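S.K.: Sharing a structure with you now.
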Amino acid sequence: MRRISVFGATGSIGKNTLDLLTPGEVEIVALSGGRQVDLLAAEARRFRAQVAVTCYPDCYEALKNALAGTGIEAAAGPEAVVEAADRPADWVMSAIVGAAGLLPGLRALRHGGTLALANKESLVTAGELLMAEARCHGATILPVDSEHSAVFQTLTGEDRSAVERVIITASGGPFRDWPLERLAGATPEQAVAHPNWAMGKRISIDSASMFNKALELIETREFFGFEPGQIEVIVHPQSIIHAMVGFSDGGILAHLGPADMRHAIGYALNWPDRAHVPVERLDLARLANLSFQAPDESRFPALRLARAVMATRGLSGAVFNAAKEVALDHFIARRLGFLEMAAVVEETMARVSGDLRRNDAVLSLNDVLNADQLARQKAEEVARQRLR
Ligand code: NDP
Ligand code: MG
């Protein structure tokens with residue numbers, strides 16, 4: 001029976017993953033979550049998991065009590081989450097949100113199985129390291145982000161050297177047509193209301209600011225290894241085409257699918273085969289129109305900042321992501337305005353760039369974690385000067 005672990009099991013991606021699995025047909029090794037202890041315990045019971053872990057030590061008692069008498073182990077704390085990834089599994093879903101997903105993903109790769117990677121922050125902060133770790137242990141990383149799953153599927157069986165360009169689509173989010181003056185006053189409630197996708201709160205707000213697409217540009221660069229100039233973003237409000245690949249003969253292959261993450265998750269579960277996945281089938285006649293527009297970097301500067309990261313690589317992705325996470329926390333807490341998030345990230349990148357030390361030719365985990373910490377401190381300083 002296939003041994004499966006799901007990190008971030010109580011989140012949007014985690015729930016969609018468990019929705020595709022049937023108790024008794026898979027052996028669940030570890031499930032991780034955070035504050036949603038009841039849900040975590042219920043899923044651990046339903047799948048008879050070996051261990052359930054919450055990343056919050058103060059949730060331990062509640063989790064232990066909820067699992068009392070089941071024989072399922074309870075554990076808590078960030079280290080316990082990483083230790084759970086040490087348990088051998090054949091297929092691991094990495095769906096923790098934020099840079100916190102990096103260490104469990106890296107550890108899981110040591111088993112040489114498959115890492116289904118929804119946690120784009122791992123590739124943004126430490127893409128080089130993650131890909132090297134996978135190669136070293138003969139592990140396979142399969143992208144779960146819809147655009148990257150689409151590129152992966154489109155490239156299957158193709159001659160990579162004939163690829164001219166990769167185009168990832170962006171819905172444009174809830175503020176696609178908002179002018180700058182209106183964006184300045186956008187609230188977290190407005191930002192979280194994504195027009196096409198049901199996702200976690202943080203990625204939904206990142207979609208509104210286009211920081212999500214910025215992370216995805218970097219993710220495309222790190223995962224597939226294309227040059228920055230080959231990677232494009234196009235705004236496509238219907239979110240039906242997830243990505244396109246243009247070849248040297250002028251042809252473009254597109255991947256279409258419903259805005260339902262279970263497609264990309266199901267693809268990663270069944271790869272290299274294809275099997276039935278219970279998502280809605282597209283009715284193209286009813287859709288009628290697919291439209292496209294160029295992204296506006298003056299209203300969404302995150303894309304410009306991502307280009308700088310793609311050019312520099314090294315530790316700049318860790319800085320970019322950490323500063324973004326800090327700025328996002330302040331926006332959610334209403335201490336920073338919507339447009340100030342990008343300003344905080346840009347200023348943090350400028351301030352930290354001189355202090356970044358990369359010790360070896362190959363990026364080390366310590367360098368990445370230090371860059372992440374340094375960027376968080378600087379971003380807090382930068383944000384504090386702007387706090388309302
Ligand atoms: P959610 O916020 O819905 O879920 C996040 C999960 O991680 C929850 O299980 C949460 O626990 C847990 N968690 C939160 N903070 C920590 C932490 N510090 N350490 C360990 N676990 C933590 O996020 P999503 O499912 O939306 O996104 C997960 C990842 O997938 C992100 O990297 C996102 O960018 C990516 N992704 C998501 C897509 C989507 O459609 N949602 C699409 C493409 C990519 P709890 O809720 O119990 O507190
Ligand atoms: Mg995506």
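Ordered as shown in the structure tokens, chains take letters A, B, and onward, while each chain numbers its residues from 1 and ligands are numbered from 1 in the order shown.
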Report as JSON, numbers by chain which protein, DNA and RNA residues come within 8 Å of ligand 2, using only C-alpha atoms and all ligand atoms.

M.R.: {"A": [145, 146, 147, 148, 212, 213, 216]}

S.K.: Please dump the current selection as a CSV table (one decimal), in the first residue's frame; keep N, CA, C and O atoms.

M.R.:
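Contents of the output file out.csv:
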```
chain,number,residue,atom,x,y,z
A,145,ASP,N,1.3,23.6,-7.9
A,145,ASP,CA,0.8,24.9,-8.2
A,145,ASP,C,0.2,24.8,-9.6
A,145,ASP,O,0.8,24.1,-10.5
A,146,SER,N,-1.0,25.3,-9.8
A,146,SER,CA,-1.7,24.9,-11.1
A,146,SER,C,-0.9,25.3,-12.3
A,146,SER,O,-0.9,24.5,-13.3
A,147,GLU,N,-0.3,26.5,-12.3
A,147,GLU,CA,0.4,26.9,-13.5
A,147,GLU,C,1.6,26.0,-13.8
A,147,GLU,O,1.9,25.7,-14.9
A,148,HIS,N,2.3,25.6,-12.7
A,148,HIS,CA,3.5,24.8,-12.9
A,148,HIS,C,3.1,23.3,-13.2
A,148,HIS,O,3.9,22.7,-14.0
A,212,ASN,N,1.6,36.7,-5.5
A,212,ASN,CA,1.5,35.2,-5.8
A,212,ASN,C,2.1,35.0,-7.2
A,212,ASN,O,2.9,34.0,-7.3
A,213,LYS,N,1.8,35.8,-8.1
A,213,LYS,CA,2.3,35.6,-9.5
A,213,LYS,C,3.8,35.8,-9.5
A,213,LYS,O,4.6,35.2,-10.2
A,216,GLU,N,5.4,32.9,-8.3
A,216,GLU,CA,5.3,31.8,-9.4
A,216,GLU,C,6.3,32.0,-10.5
A,216,GLU,O,6.7,31.1,-11.1
```

S.K.: List all protein, DNA and RNA residues that have an atom no more than 8 Å from any atom of ligand 1, counting only C-alpha atoms and all ligand atoms, and report them as a VMD selection string.

M.R.: chain A and resid 7 to 15 32 to 37 39 to 40 54 to 56 78 81 94 to 101 117 to 121 144 to 146 197 to 204 212 260 to 261

S.K.: Could the residues in this selection be written to a file with C-alpha atoms, as an mmCIF file, in the first residue's frame?

M.R.:
```
data_model
loop_
_atom_site.group_PDB
_atom_site.id
_atom_site.type_symbol
_atom_site.label_atom_id
_atom_site.label_comp_id
_atom_site.auth_asym_id
_atom_site.auth_seq_id
_atom_site.Cartn_x
_atom_site.Cartn_y
_atom_site.Cartn_z
ATOM 1 C CA PHE A 7 1.920 18.477 5.507
ATOM 2 C CA GLY A 8 -0.572 21.298 5.865
ATOM 3 C CA ALA A 9 -3.402 18.746 5.930
ATOM 4 C CA THR A 10 -5.926 21.183 7.452
ATOM 5 C CA GLY A 11 -5.427 23.844 4.776
ATOM 6 C CA SER A 12 -7.065 24.394 1.432
ATOM 7 C CA ILE A 13 -4.594 22.211 -0.509
ATOM 8 C CA GLY A 14 -4.375 19.660 2.307
ATOM 9 C CA LYS A 15 -8.153 19.194 2.446
ATOM 10 C CA SER A 32 0.367 18.000 9.975
ATOM 11 C CA GLY A 33 -1.689 21.055 10.773
ATOM 12 C CA GLY A 34 -1.724 24.146 12.932
ATOM 13 C CA ARG A 35 -4.573 25.625 14.975
ATOM 14 C CA GLN A 36 -7.343 23.502 13.467
ATOM 15 C CA VAL A 37 -6.732 20.701 15.931
ATOM 16 C CA LEU A 39 -10.030 18.835 11.984
ATOM 17 C CA LEU A 40 -6.499 17.442 12.168
ATOM 18 C CA THR A 54 0.463 20.502 15.057
ATOM 19 C CA CYS A 55 3.156 23.121 14.511
ATOM 20 C CA TYR A 56 1.965 24.971 17.659
ATOM 21 C CA PRO A 78 8.033 23.013 14.308
ATOM 22 C CA VAL A 81 6.709 18.633 12.030
ATOM 23 C CA SER A 94 4.039 19.765 0.897
ATOM 24 C CA ALA A 95 1.171 22.174 1.581
ATOM 25 C CA ILE A 96 2.218 24.199 4.602
ATOM 26 C CA VAL A 97 1.910 27.909 3.854
ATOM 27 C CA GLY A 98 5.025 30.108 3.871
ATOM 28 C CA ALA A 99 8.732 29.478 4.389
ATOM 29 C CA ALA A 100 7.782 27.106 7.242
ATOM 30 C CA GLY A 101 7.175 24.508 4.524
ATOM 31 C CA LEU A 117 5.049 20.548 -4.022
ATOM 32 C CA ALA A 118 2.303 23.083 -3.410
ATOM 33 C CA ASN A 119 4.540 25.117 -1.092
ATOM 34 C CA LYS A 120 5.984 27.473 -3.715
ATOM 35 C CA GLU A 121 7.902 29.315 -0.999
ATOM 36 C CA VAL A 144 1.182 21.212 -7.631
ATOM 37 C CA ASP A 145 0.794 24.935 -8.223
ATOM 38 C CA SER A 146 -1.732 24.930 -11.075
ATOM 39 C CA TRP A 197 -10.223 30.169 -6.867
ATOM 40 C CA ALA A 198 -11.074 29.101 -3.291
ATOM 41 C CA MET A 199 -7.699 29.209 -1.527
ATOM 42 C CA GLY A 200 -6.124 29.922 1.848
ATOM 43 C CA LYS A 201 -6.230 33.506 3.118
ATOM 44 C CA ARG A 202 -2.567 34.329 2.552
ATOM 45 C CA ILE A 203 -2.306 33.125 -1.040
ATOM 46 C CA SER A 204 -5.624 34.815 -1.829
ATOM 47 C CA ASN A 212 1.528 35.224 -5.795
ATOM 48 C CA ASP A 260 -10.094 23.363 -9.033
ATOM 49 C CA MET A 261 -6.804 22.403 -7.375
#
```

S.K.: Report as a list in words all protein, DNA and RNA residues lying within 12 Å of Leu303 of chain A, evaluated on only C-alpha atoms, omitting residues in the same chain fewer than 5 positions from it.

M.R.: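 So the residues in contact are Ala170, Asp206, Ser207, Ser209, Met210, Phe211, Asn212, Lys213, Ala214, Leu215, Glu216, Leu217, Ile218, Ile231, Glu232, Val233, Ile234, Ala294, Pro295, Asp296, Glu297, Ser298, Ala308, Val309, Met310, Phe320, Ala342, Val345 and Glu346 of chain A.
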
S.K.: Which of segment 74-302 of chain A counts as strand (DSSP E) under DSSP, as a VMD selection string please?

M.R.: chain A and resid 74 to 76 91 to 94 114 to 117 140 to 143 163 to 170 231 to 235 241 to 247 252 to 256

S.K.: Write out, as a short mmCIF file (atom, residue, chain, number, x, y, z; two decimals), in the first residue's frame, the residues just selected, with N, CA, C and O atoms.

M.R.:
```cif
data_model
loop_
_atom_site.label_atom_id
_atom_site.label_comp_id
_atom_site.auth_asym_id
_atom_site.auth_seq_id
_atom_site.Cartn_x
_atom_site.Cartn_y
_atom_site.Cartn_z
N ALA A 74 0.46 11.77 18.93
CA ALA A 74 0.28 13.22 18.80
C ALA A 74 1.63 13.87 19.04
O ALA A 74 2.40 13.42 19.89
N ALA A 75 1.93 14.93 18.29
CA ALA A 75 3.18 15.66 18.49
C ALA A 75 2.94 17.12 18.16
O ALA A 75 1.94 17.47 17.52
N ALA A 76 3.85 17.98 18.64
CA ALA A 76 3.65 19.42 18.44
C ALA A 76 4.97 20.15 18.32
O ALA A 76 5.99 19.72 18.85
N TRP A 91 4.90 9.08 -1.02
CA TRP A 91 4.33 10.28 -1.66
C TRP A 91 4.02 11.27 -0.55
O TRP A 91 3.30 10.94 0.39
N VAL A 92 4.58 12.45 -0.67
CA VAL A 92 4.41 13.46 0.38
C VAL A 92 3.85 14.74 -0.22
O VAL A 92 4.39 15.26 -1.20
N MET A 93 2.78 15.24 0.37
CA MET A 93 2.24 16.54 -0.06
C MET A 93 2.83 17.63 0.82
O MET A 93 2.73 17.59 2.04
N SER A 94 3.48 18.61 0.19
CA SER A 94 4.04 19.77 0.90
C SER A 94 3.08 20.93 0.72
O SER A 94 3.09 21.61 -0.30
N THR A 114 8.29 10.65 -3.88
CA THR A 114 7.75 11.79 -4.62
C THR A 114 7.33 12.88 -3.66
O THR A 114 6.63 12.62 -2.68
N LEU A 115 7.75 14.10 -3.95
CA LEU A 115 7.29 15.26 -3.19
C LEU A 115 6.37 16.06 -4.09
O LEU A 115 6.80 16.61 -5.10
N ALA A 116 5.09 16.08 -3.74
CA ALA A 116 4.13 16.91 -4.47
C ALA A 116 4.21 18.29 -3.83
O ALA A 116 3.88 18.46 -2.66
N LEU A 117 4.67 19.26 -4.60
CA LEU A 117 5.05 20.55 -4.02
C LEU A 117 4.02 21.64 -4.32
O LEU A 117 3.99 22.20 -5.41
N THR A 140 11.63 12.56 -6.68
CA THR A 140 10.93 13.29 -7.74
C THR A 140 10.12 14.41 -7.11
O THR A 140 9.38 14.18 -6.15
N ILE A 141 10.28 15.62 -7.64
CA ILE A 141 9.42 16.71 -7.20
C ILE A 141 8.40 16.96 -8.30
O ILE A 141 8.77 17.15 -9.47
N LEU A 142 7.14 16.94 -7.95
CA LEU A 142 6.08 17.24 -8.92
C LEU A 142 5.40 18.54 -8.51
O LEU A 142 4.99 18.69 -7.35
N PRO A 143 5.30 19.48 -9.43
CA PRO A 143 4.68 20.76 -9.06
C PRO A 143 3.17 20.61 -8.89
O PRO A 143 2.52 19.91 -9.67
N VAL A 163 12.02 24.77 -26.54
CA VAL A 163 11.12 25.70 -25.86
C VAL A 163 11.67 27.12 -25.97
O VAL A 163 12.81 27.38 -25.63
N GLU A 164 10.83 28.02 -26.50
CA GLU A 164 11.24 29.42 -26.59
C GLU A 164 10.75 30.21 -25.40
O GLU A 164 11.43 31.09 -24.90
N ARG A 165 9.52 29.92 -24.97
CA ARG A 165 8.92 30.74 -23.92
C ARG A 165 7.92 29.93 -23.11
O ARG A 165 7.31 28.98 -23.62
N VAL A 166 7.79 30.33 -21.88
CA VAL A 166 6.78 29.73 -21.00
C VAL A 166 5.91 30.87 -20.51
O VAL A 166 6.42 31.90 -20.05
N ILE A 167 4.61 30.70 -20.65
CA ILE A 167 3.69 31.78 -20.28
C ILE A 167 2.77 31.28 -19.17
O ILE A 167 2.02 30.32 -19.38
N ILE A 168 2.87 31.88 -18.00
CA ILE A 168 1.94 31.48 -16.94
C ILE A 168 0.83 32.52 -16.87
O ILE A 168 1.06 33.71 -17.10
N THR A 169 -0.38 32.07 -16.60
CA THR A 169 -1.50 33.00 -16.58
C THR A 169 -1.78 33.48 -15.16
O THR A 169 -1.45 32.82 -14.18
N ALA A 170 -2.41 34.65 -15.10
CA ALA A 170 -2.82 35.24 -13.82
C ALA A 170 -4.26 35.70 -14.00
O ALA A 170 -4.59 36.29 -15.03
N ILE A 231 10.37 33.59 -19.53
CA ILE A 231 9.18 33.36 -18.70
C ILE A 231 8.30 34.61 -18.67
O ILE A 231 8.76 35.70 -18.32
N GLU A 232 7.05 34.44 -19.07
CA GLU A 232 6.12 35.57 -19.18
C GLU A 232 4.89 35.35 -18.32
O GLU A 232 4.53 34.22 -18.01
N VAL A 233 4.24 36.46 -17.97
CA VAL A 233 2.94 36.40 -17.29
C VAL A 233 1.92 37.07 -18.19
O VAL A 233 2.20 38.12 -18.76
N ILE A 234 0.76 36.45 -18.33
CA ILE A 234 -0.32 37.11 -19.06
C ILE A 234 -1.57 37.06 -18.18
O ILE A 234 -1.84 36.05 -17.54
N VAL A 235 -2.28 38.17 -18.13
CA VAL A 235 -3.51 38.20 -17.35
C VAL A 235 -4.62 37.56 -18.19
O VAL A 235 -4.81 37.91 -19.35
N ILE A 241 -7.11 28.69 -19.00
CA ILE A 241 -5.77 28.29 -19.41
C ILE A 241 -4.86 28.58 -18.23
O ILE A 241 -4.85 29.70 -17.70
N HIS A 242 -4.09 27.59 -17.79
CA HIS A 242 -3.23 27.80 -16.62
C HIS A 242 -1.80 28.14 -17.02
O HIS A 242 -1.11 28.84 -16.28
N ALA A 243 -1.36 27.62 -18.16
CA ALA A 243 -0.04 27.98 -18.66
C ALA A 243 0.05 27.57 -20.13
O ALA A 243 -0.75 26.76 -20.61
N MET A 244 1.02 28.17 -20.81
CA MET A 244 1.28 27.83 -22.21
C MET A 244 2.78 27.73 -22.41
O MET A 244 3.55 28.40 -21.73
N VAL A 245 3.16 26.88 -23.36
CA VAL A 245 4.57 26.76 -23.70
C VAL A 245 4.71 27.00 -25.20
O VAL A 245 4.01 26.38 -26.01
N GLY A 246 5.59 27.95 -25.56
CA GLY A 246 5.82 28.28 -26.96
C GLY A 246 7.10 27.62 -27.45
O GLY A 246 8.13 27.65 -26.76
N PHE A 247 7.04 27.00 -28.63
CA PHE A 247 8.18 26.25 -29.16
C PHE A 247 8.83 26.98 -30.34
O PHE A 247 8.25 27.92 -30.91
N ILE A 252 2.23 27.04 -29.99
CA ILE A 252 2.07 27.19 -28.54
C ILE A 252 1.13 26.09 -28.05
O ILE A 252 0.05 25.91 -28.61
N LEU A 253 1.55 25.35 -27.04
CA LEU A 253 0.66 24.37 -26.42
C LEU A 253 0.12 24.98 -25.13
O LEU A 253 0.88 25.57 -24.35
N ALA A 254 -1.18 24.84 -24.93
CA ALA A 254 -1.81 25.40 -23.73
C ALA A 254 -2.39 24.28 -22.89
O ALA A 254 -2.80 23.24 -23.42
N HIS A 255 -2.43 24.49 -21.59
CA HIS A 255 -3.10 23.55 -20.70
C HIS A 255 -4.36 24.22 -20.16
O HIS A 255 -4.29 25.30 -19.57
N LEU A 256 -5.51 23.58 -20.36
CA LEU A 256 -6.78 24.12 -19.89
C LEU A 256 -7.35 23.20 -18.82
O LEU A 256 -7.16 21.97 -18.87
#
```

S.K.: Write out as JSON, numbers by chain the residues lying within 10 Å of Glu280 of chain A, counting only C-alpha atoms and excluding same-chain residues fewer than 6 positions away.

M.R.: {"A": [257, 258, 259, 260, 263]}
